[in-house]
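Enquirer: This is start00.cif (mmCIF, C-alpha atoms).
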data_final
#
loop_
_atom_site.label_atom_id
_atom_site.label_comp_id
_atom_site.auth_asym_id
_atom_site.auth_seq_id
_atom_site.Cartn_x
_atom_site.Cartn_y
_atom_site.Cartn_z
CA MET A 1 113.47 10.93 50.19
CA TYR A 2 109.71 11.51 50.34
CA LYS A 3 109.80 11.92 54.14
CA TYR A 4 112.76 14.28 53.79
CA ARG A 5 110.91 16.51 51.34
CA ARG A 6 107.75 16.35 53.39
CA ALA A 7 109.67 17.51 56.49
CA ILE A 8 111.13 20.44 54.51
CA MET A 9 107.64 21.49 53.36
CA TRP A 10 106.13 21.35 56.84
CA LEU A 11 109.09 23.18 58.38
CA GLY A 12 108.92 25.80 55.65
CA LEU A 13 105.19 26.28 56.28
CA LEU A 14 105.84 26.69 60.01
CA LEU A 15 108.56 29.31 59.43
CA ILE A 16 106.30 31.24 57.02
CA ILE A 17 103.50 31.27 59.62
CA VAL A 18 105.99 32.59 62.18
CA LEU A 19 107.09 35.23 59.64
CA THR A 20 103.47 36.35 59.23
CA PHE A 21 103.02 36.90 62.96
CA LEU A 22 106.42 38.61 63.25
CA SER A 23 105.49 40.98 60.40
CA ILE A 24 102.17 41.88 62.04
CA TYR A 25 103.87 42.48 65.38
CA GLY A 26 106.61 44.61 63.78
CA ALA A 27 104.01 46.78 62.04
CA PHE A 28 102.45 47.74 65.38
CA ILE A 29 105.56 48.53 67.44
CA GLY A 30 107.04 51.20 65.15
CA ALA A 31 110.09 51.30 62.91
CA GLU A 32 112.78 51.88 65.57
CA ARG A 33 111.55 49.21 67.98
CA ALA A 34 110.96 46.79 65.09
CA GLN A 35 114.54 47.27 63.93
CA GLN A 36 115.88 46.43 67.38
CA PHE A 37 113.45 43.50 67.73
CA PHE A 38 114.33 41.88 64.38
CA ASN A 39 118.07 42.14 65.09
CA GLN A 40 117.92 40.22 68.39
CA PRO A 41 119.95 36.95 68.49
CA PRO A 42 116.89 34.61 68.44
CA LEU A 43 115.58 36.40 65.34
CA VAL A 44 119.02 36.23 63.69
CA VAL A 45 118.85 32.44 64.16
CA TYR A 46 115.35 32.46 62.64
CA TRP A 47 116.40 34.46 59.54
CA THR A 48 119.41 32.20 59.05
CA ALA A 49 117.27 29.07 59.37
CA LEU A 50 114.71 30.38 56.88
CA THR A 51 117.42 31.25 54.34
CA ILE A 52 119.11 27.86 54.67
CA LEU A 53 115.77 26.08 54.38
CA LEU A 54 115.00 27.87 51.10
CA ILE A 55 118.40 26.89 49.70
CA VAL A 56 117.92 23.26 50.83
CA GLY A 57 114.43 23.29 49.31
CA ILE A 58 115.80 24.37 45.91
CA ALA A 59 118.31 21.50 46.03
CA ALA A 60 115.81 18.91 47.32
CA PHE A 61 112.96 19.68 44.92
CA ARG A 62 114.53 19.22 41.50
CA ARG A 63 111.32 20.40 39.82
CA LEU A 64 112.18 23.92 40.94
CA LEU A 65 115.26 23.80 38.72
CA ARG A 66 113.11 22.91 35.70
CA VAL A 67 110.41 25.56 36.28
CA PRO A 68 111.92 29.04 35.76
CA GLY A 69 109.15 30.93 37.55
CA LEU A 70 109.34 28.88 40.74
CA LEU A 71 113.13 28.97 40.69
CA LEU A 72 113.14 32.78 40.39
CA ILE A 73 110.62 33.10 43.25
CA HIS A 74 112.65 30.94 45.64
CA ALA A 75 116.03 32.42 44.58
CA GLY A 76 114.60 35.93 44.97
CA CYS A 77 113.49 35.18 48.53
CA VAL A 78 116.98 33.86 49.32
CA LEU A 79 118.59 37.06 48.01
CA ILE A 80 116.17 39.28 49.93
CA LEU A 81 116.91 37.48 53.21
CA ALA A 82 120.66 37.27 52.55
CA GLY A 83 120.93 40.94 51.56
CA GLY A 84 118.87 42.03 54.57
CA MET A 85 121.05 40.05 56.99
CA TRP A 86 124.28 41.26 55.36
CA GLY A 87 123.10 44.87 55.68
CA SER A 88 121.90 44.50 59.30
CA GLN A 89 123.89 45.61 62.34
CA ALA A 90 124.94 42.00 62.94
CA GLY A 91 126.04 41.78 59.29
CA HIS A 92 128.13 44.94 59.64
CA ASN A 93 129.72 43.57 62.81
CA LEU A 94 130.55 40.33 60.98
CA GLN A 95 132.13 42.26 58.09
CA LYS A 96 134.32 44.16 60.54
CA LYS A 97 135.37 40.96 62.28
CA LEU A 98 136.08 38.91 59.14
CA PHE A 99 137.23 41.50 56.60
CA GLY A 100 138.10 44.60 58.61
CA ILE A 101 135.35 46.63 56.90
CA ASP A 102 134.18 49.21 59.44
CA LYS A 103 131.19 50.96 57.86
CA ILE A 104 128.64 53.17 59.57
CA ARG A 105 125.26 51.46 59.33
CA THR A 106 122.96 54.35 60.23
CA GLY A 107 123.59 57.75 61.74
CA ARG A 108 122.99 61.49 61.47
CA MET A 109 125.14 64.48 60.72
CA ALA A 110 124.54 68.25 60.94
CA ILE A 111 126.28 70.64 58.52
CA TYR A 112 126.23 74.42 58.66
CA GLU A 113 126.04 76.48 55.48
CA GLY A 114 129.50 76.90 53.98
CA SER A 115 131.02 74.31 56.34
CA ILE A 116 132.67 70.96 55.62
CA GLU A 117 131.83 67.99 57.86
CA ASN A 118 132.56 64.27 58.06
CA HIS A 119 131.44 63.45 61.63
CA VAL A 120 128.48 61.09 61.96
CA PHE A 121 126.64 60.32 65.20
CA LEU A 122 125.45 56.72 65.26
CA ASP A 123 121.74 56.15 65.80
CA VAL A 124 122.07 53.36 68.37
CA THR A 125 124.94 54.49 70.60
CA ASN A 126 125.28 58.20 69.63
CA GLU A 127 128.97 57.43 69.21
CA GLN A 128 130.83 59.65 66.76
CA LYS A 129 132.51 58.14 63.70
CA ASP A 130 134.16 59.75 60.70
CA LEU A 131 133.43 59.18 57.02
CA PRO A 132 136.40 58.59 54.67
CA PHE A 133 135.33 61.76 52.81
CA SER A 134 133.65 65.04 53.71
CA LEU A 135 130.43 66.83 52.78
CA LYS A 136 130.10 70.57 52.22
CA LEU A 137 126.79 72.40 52.45
CA LYS A 138 126.89 75.08 49.74
CA ASP A 139 123.41 76.35 50.45
CA PHE A 140 120.18 75.37 52.20
CA LYS A 141 116.83 76.38 50.74
CA ILE A 142 113.26 76.12 51.95
CA GLU A 143 110.40 76.12 49.47
CA TYR A 144 106.81 77.00 50.38
CA TYR A 145 103.43 76.22 48.94
CA GLN A 146 102.09 79.08 46.86
CA PRO A 147 100.28 81.34 47.26
CA VAL A 148 101.14 82.43 50.80
CA TYR A 149 98.33 84.10 52.73
CA LEU A 150 97.98 86.87 55.27
CA ARG A 151 95.11 86.06 57.62
CA ILE A 152 93.11 88.93 59.09
CA LEU A 153 90.71 88.83 62.05
CA SER A 154 88.80 91.97 62.96
CA SER A 155 87.70 92.82 66.47
CA ASP A 156 84.08 92.66 65.21
CA GLY A 157 84.42 89.05 64.08
CA PRO A 158 84.82 89.02 60.23
CA ARG A 159 87.82 87.14 58.80
CA TRP A 160 89.77 87.53 55.56
CA LYS A 161 92.51 85.56 53.83
CA VAL A 162 94.59 87.74 51.53
CA PRO A 163 97.27 86.40 49.12
CA VAL A 164 100.68 87.91 49.81
CA GLU A 165 101.33 90.14 46.79
CA THR A 166 103.62 93.11 47.40
CA GLY A 167 102.11 96.45 46.40
CA LYS A 168 98.57 95.19 45.82
CA GLU A 169 95.78 96.94 47.75
CA VAL A 170 92.92 94.66 48.77
CA PRO A 171 89.50 96.03 49.82
CA LEU A 172 88.07 94.50 52.99
CA GLY A 173 84.61 96.12 52.75
CA ASP A 174 83.01 99.53 53.31
CA ASP A 175 83.28 99.25 57.09
CA ALA A 176 86.84 97.86 57.20
CA GLY A 177 88.78 99.82 54.59
CA THR A 178 91.69 98.40 52.62
CA ILE A 179 94.94 96.60 53.31
CA LYS A 180 98.18 96.61 51.32
CA ILE A 181 101.30 94.52 51.76
CA VAL A 182 104.10 97.04 51.34
CA LYS A 183 107.08 94.71 51.66
CA SER A 184 108.03 91.18 52.67
CA TYR A 185 111.17 90.32 54.63
CA GLU A 186 113.07 87.04 54.94
CA ASN A 187 115.24 88.22 57.83
CA PHE A 188 113.63 91.29 59.39
CA LYS A 189 115.95 93.55 61.35
CA ILE A 190 115.81 97.15 62.57
CA GLY A 191 118.71 99.56 62.15
CA ILE A 192 119.21 103.20 63.11
CA GLU A 193 119.59 105.92 60.51
CA GLU A 194 119.80 109.56 61.58
CA GLY A 195 118.55 108.60 65.02
CA LYS A 196 115.43 106.88 63.67
CA PRO A 197 114.66 103.13 63.56
CA VAL A 198 114.64 101.79 60.01
CA PRO A 199 113.54 98.21 59.14
CA PHE A 200 115.64 96.28 56.62
CA ASP A 201 116.09 92.77 55.22
CA ASP A 202 119.35 91.43 56.65
CA PRO A 203 121.23 89.29 54.05
CA SER A 204 123.42 87.67 56.71
CA PRO A 205 122.56 84.15 57.98
CA GLY A 206 119.35 84.02 59.96
CA SER A 207 115.61 83.90 59.48
CA ASN A 208 112.91 86.26 60.73
CA PRO A 209 110.16 86.31 58.09
CA ALA A 210 107.84 89.30 58.30
CA LEU A 211 105.43 91.48 56.32
CA GLU A 212 105.06 95.26 56.35
CA VAL A 213 101.33 95.95 56.08
CA GLN A 214 99.58 99.26 55.52
CA ILE A 215 95.95 99.55 56.66
CA THR A 216 93.73 102.33 55.33
CA GLU A 217 90.51 102.91 57.26
CA PRO A 218 87.26 104.08 55.59
CA GLY A 219 87.96 107.64 56.77
CA GLY A 220 91.36 107.68 55.03
CA GLN A 221 93.57 107.26 58.11
CA THR A 222 96.54 104.94 57.47
CA SER A 223 98.62 102.87 59.85
CA THR A 224 101.51 100.47 59.41
CA GLN A 225 101.91 97.11 61.12
CA TYR A 226 104.62 94.46 60.99
CA VAL A 227 103.46 90.85 60.98
CA PHE A 228 106.01 88.24 62.07
CA GLU A 229 105.74 84.60 61.06
CA ARG A 230 107.52 83.37 64.17
CA PHE A 231 105.36 85.48 66.49
CA PRO A 232 101.76 84.90 65.38
CA GLY A 233 99.22 87.24 66.91
CA HIS A 234 101.84 89.93 67.59
CA SER A 235 99.77 93.14 67.92
CA HIS A 236 98.91 96.06 70.14
CA GLY A 237 95.71 96.35 72.15
CA GLN A 238 94.50 99.32 70.11
CA ASP A 239 94.90 97.53 66.76
CA LYS A 240 91.65 97.05 64.87
CA PHE A 241 92.87 93.84 63.20
CA LEU A 242 94.71 90.76 64.41
CA LEU A 243 97.11 89.73 61.62
CA SER A 244 98.90 86.40 61.18
CA TYR A 245 101.39 85.27 58.57
CA HIS A 246 102.24 81.61 58.14
CA ARG A 247 103.91 79.79 55.25
CA VAL A 248 103.50 76.04 54.75
CA ILE A 249 106.75 74.28 53.81
CA SER A 250 106.56 72.18 50.66
CA ASP A 251 110.21 71.10 50.53
CA TYR A 252 113.67 71.78 51.90
CA ILE A 253 116.76 71.31 49.78
CA SER A 254 120.45 70.95 50.63
CA GLU A 255 123.05 71.76 47.98
CA LEU A 256 125.80 69.28 48.83
CA GLN A 257 129.33 68.69 47.59
CA ILE A 258 131.48 65.61 48.25
CA VAL A 259 135.04 66.64 49.09
CA LYS A 260 138.05 64.27 49.06
CA GLY A 261 141.32 65.95 49.86
CA ASP A 262 140.99 69.40 48.34
CA LYS A 263 138.81 68.36 45.39
CA VAL A 264 135.07 68.30 44.87
CA VAL A 265 134.38 64.84 43.42
CA ALA A 266 130.56 64.92 43.35
CA GLU A 267 127.66 67.23 44.09
CA LYS A 268 123.88 67.06 44.19
CA ASP A 269 120.89 69.00 45.48
CA ILE A 270 119.12 66.56 47.79
CA GLU A 271 115.58 66.79 49.12
CA VAL A 272 113.13 64.45 50.82
CA ASN A 273 113.06 61.08 48.96
CA HIS A 274 115.86 62.21 46.62
CA PRO A 275 119.10 61.26 48.40
CA LEU A 276 122.74 61.52 47.41
CA HIS A 277 124.59 58.22 46.99
CA PHE A 278 128.36 58.13 47.29
CA GLY A 279 131.09 55.92 48.72
CA GLY A 280 128.76 53.16 49.91
CA TYR A 281 126.31 55.49 51.67
CA HIS A 282 122.98 57.18 51.01
CA PHE A 283 122.53 60.69 52.42
CA TYR A 284 118.88 61.59 53.02
CA GLN A 285 117.43 65.00 53.84
CA SER A 286 116.18 64.44 57.40
CA SER A 287 115.73 67.77 59.19
CA TYR A 288 117.04 71.32 59.42
CA ASP A 289 117.51 74.31 61.70
CA ASP A 290 113.90 75.47 61.96
CA LYS A 291 114.83 78.67 63.83
CA ALA A 292 117.45 80.24 61.63
CA GLY A 293 117.81 77.83 58.70
CA GLN A 294 121.60 77.82 59.04
CA TYR A 295 122.25 74.06 59.02
CA THR A 296 120.87 70.86 57.59
CA VAL A 297 120.52 67.44 59.22
CA LEU A 298 121.25 64.41 57.06
CA GLN A 299 120.48 60.76 57.70
CA VAL A 300 123.40 58.53 56.73
CA VAL A 301 122.57 54.96 55.69
CA SER A 302 124.97 52.25 54.52
CA ASP A 303 124.09 50.61 51.18
CA THR A 304 125.58 47.24 52.22
CA GLY A 305 123.29 44.45 51.05
CA LEU A 306 120.81 46.90 49.54
CA TYR A 307 121.38 45.98 45.89
CA VAL A 308 121.23 42.28 46.74
CA VAL A 309 117.78 42.94 48.24
CA TYR A 310 116.76 44.91 45.13
CA ALA A 311 117.91 42.05 42.89
CA GLY A 312 115.92 39.62 45.03
CA TYR A 313 112.73 41.67 44.68
CA TRP A 314 113.20 41.90 40.91
CA MET A 315 113.65 38.13 40.69
CA LEU A 316 110.62 37.53 42.93
CA CYS A 317 108.37 39.82 40.88
CA LEU A 318 109.63 38.40 37.60
CA GLY A 319 109.14 34.83 38.84
CA VAL A 320 105.56 35.50 39.99
CA THR A 321 104.71 37.30 36.73
CA TRP A 322 106.18 34.51 34.61
CA HIS A 323 104.59 31.66 36.58
CA MET A 324 101.13 33.20 36.91
CA TRP A 325 100.69 34.90 33.54
CA LEU A 326 103.50 35.03 30.99
CA ARG A 327 104.10 31.28 30.65
CA HIS A 328 100.40 30.73 29.90
CA ILE A 329 100.42 33.50 27.29
CA PHE A 330 103.51 32.06 25.58
CA SER A 331 101.99 28.58 25.69
CA ARG A 332 98.87 29.82 23.88
CA PHE A 333 100.91 31.60 21.23
CA LYS A 334 102.99 28.45 20.76
CA ALA A 335 99.89 26.27 20.47
CA LYS A 336 98.34 28.59 17.86
CA SER A 337 101.53 28.68 15.80
CA THR A 338 101.63 24.91 15.59
#
The structure in this file should be written as structure tokens.
Expert:
Amino acid sequence: MYKYRRAIMWLGLLLIIVLTFLSIYGAFIGAERAQQFFNQPPLVVYWTALTILLIVGIAAFRRLLRVPGLLLIHAGCVLILAGGMWGSQAGHNLQKKLFGIDKIRTGRMAIYEGSIENHVFLDVTNEQKDLPFSLKLKDFKIEYYQPVYLRILSSDGPRWKVPVETGKEVPLGDDAGTIKIVKSYENFKIGIEEGKPVPFDDPSPGSNPALEVQITEPGGQTSTQYVFERFPGHSHGQDKFLLSYHRVISDYISELQIVKGDKVVAEKDIEVNHPLHFGGYHFYQSSYDDKAGQYTVLQVVSDTGLYVVYAGYWMLCLGVTWHMWLRHIFSRFKAKST
């Protein structure tokens, strides 16, 4: 029995050393390559062997059953490995083969504002699969860091950074005059009224952010310029100033509804790191239409095995905390009470 336990300990140490090197290698090759690497058949054998060895170790070393902290640590590691394997691509394939469960592991979907969609394009094969329910994008919003600035460069060299406040006149100095932001546009368009071009803010889908700027020179002459965010440096050769308008995105938000049949069964505004969870999937805000802002791109991730992994981490942390600190604290309180 001693030789048997000794062999388990040495084999466990060897597998942990291998795990260390695998973790270091995976950290350097990037997330996508690491995912493919760790799901290769030889690595699947390794993860299975490590999990089985931990289970055998719990059974072989009876002391683990009598020490709660050590038992929680080992059981937590087993759950983390088991949950990770069950949620892997190989685990999803096994579920389909054994139980007929055909879930999408990871993929992406694009939804236009006001549209309903259930098509998902798989990350690995780009194959299209359908969800058993649909998602509707009620609205898509982009939020920007405040304040937003208009940057001004004169032909003589001086620079200014002016906060975008409609109607406020800002002095640039005795030699430069003043500048005033007359109006800001989210979707700048030009129409014709009485044969003359008239700028307006188009409420229809689209995005062409712009500012209407009035420049007053020291002599009192005024001129109007339009500054476009998507066309920085847009100016005429005779312009005294080069103007640029750029907003820094702080967040983008998708107002989503879950639709089954003709009913809305759930809804949530999702943003980066705040996903929607429904029907065995997490929906993460991934990207968006950066030209017109008319659609959102969601990352779809299966939750299979995820909560088993979470439970394993909780058990691992609780076991370490109990074994390293709490049991000693309770022992001291118990000794003082007696």
Enquirer: Given the PyMOL selection byres ((chain A and resi 204) around 12) and the file above, list the residues it selects as a ChimeraX atom specification.
Expert: /A:113,186-189,200-203,205-208,292-294
Enquirer: Enumerate, as an NGL selection string, the residues matched when the PyMOL selection byres ((chain A and resi 169-175) around 12) is run on the file above.
Expert: :A and (150-154 or 156 or 158-168 or 176-182 or 213-220 or 240-241)
Enquirer: Would you mind listing what lies within 10 Å of region 18-20 of chain A as a list in words, with all atoms listed in the file counted and same-chain residues fewer than 4 positions away left out?
Expert: Gly12, Leu13, Leu14, Ile24, Tyr25, Gly26, Tyr46, Trp47 and Leu50 of chain A
Enquirer: What's around region 257-266 of chain A at 6 Å? Count all atoms listed in the file, leave out sequence neighbours fewer than 2 positions away in its own chain, and write the answer as a PyMOL selection string.
Expert: chain A and resi 133-136
Enquirer: Would you compute the distance between CA of Val309 (chain A) and CA of Gly83 (chain A)? Give it in Å to one decimal.
Expert: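 Taking CA of Val309 (chain A) as the start and CA of Gly83 (chain A) as the end point, the length is 5.0 Å.
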Enquirer: Find the distance between CA of Ala311 (chain A) and CA of His74 (chain A) and write it in Å to one decimal.
Expert: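 Computing it gives 12.6 Å between the two atoms.
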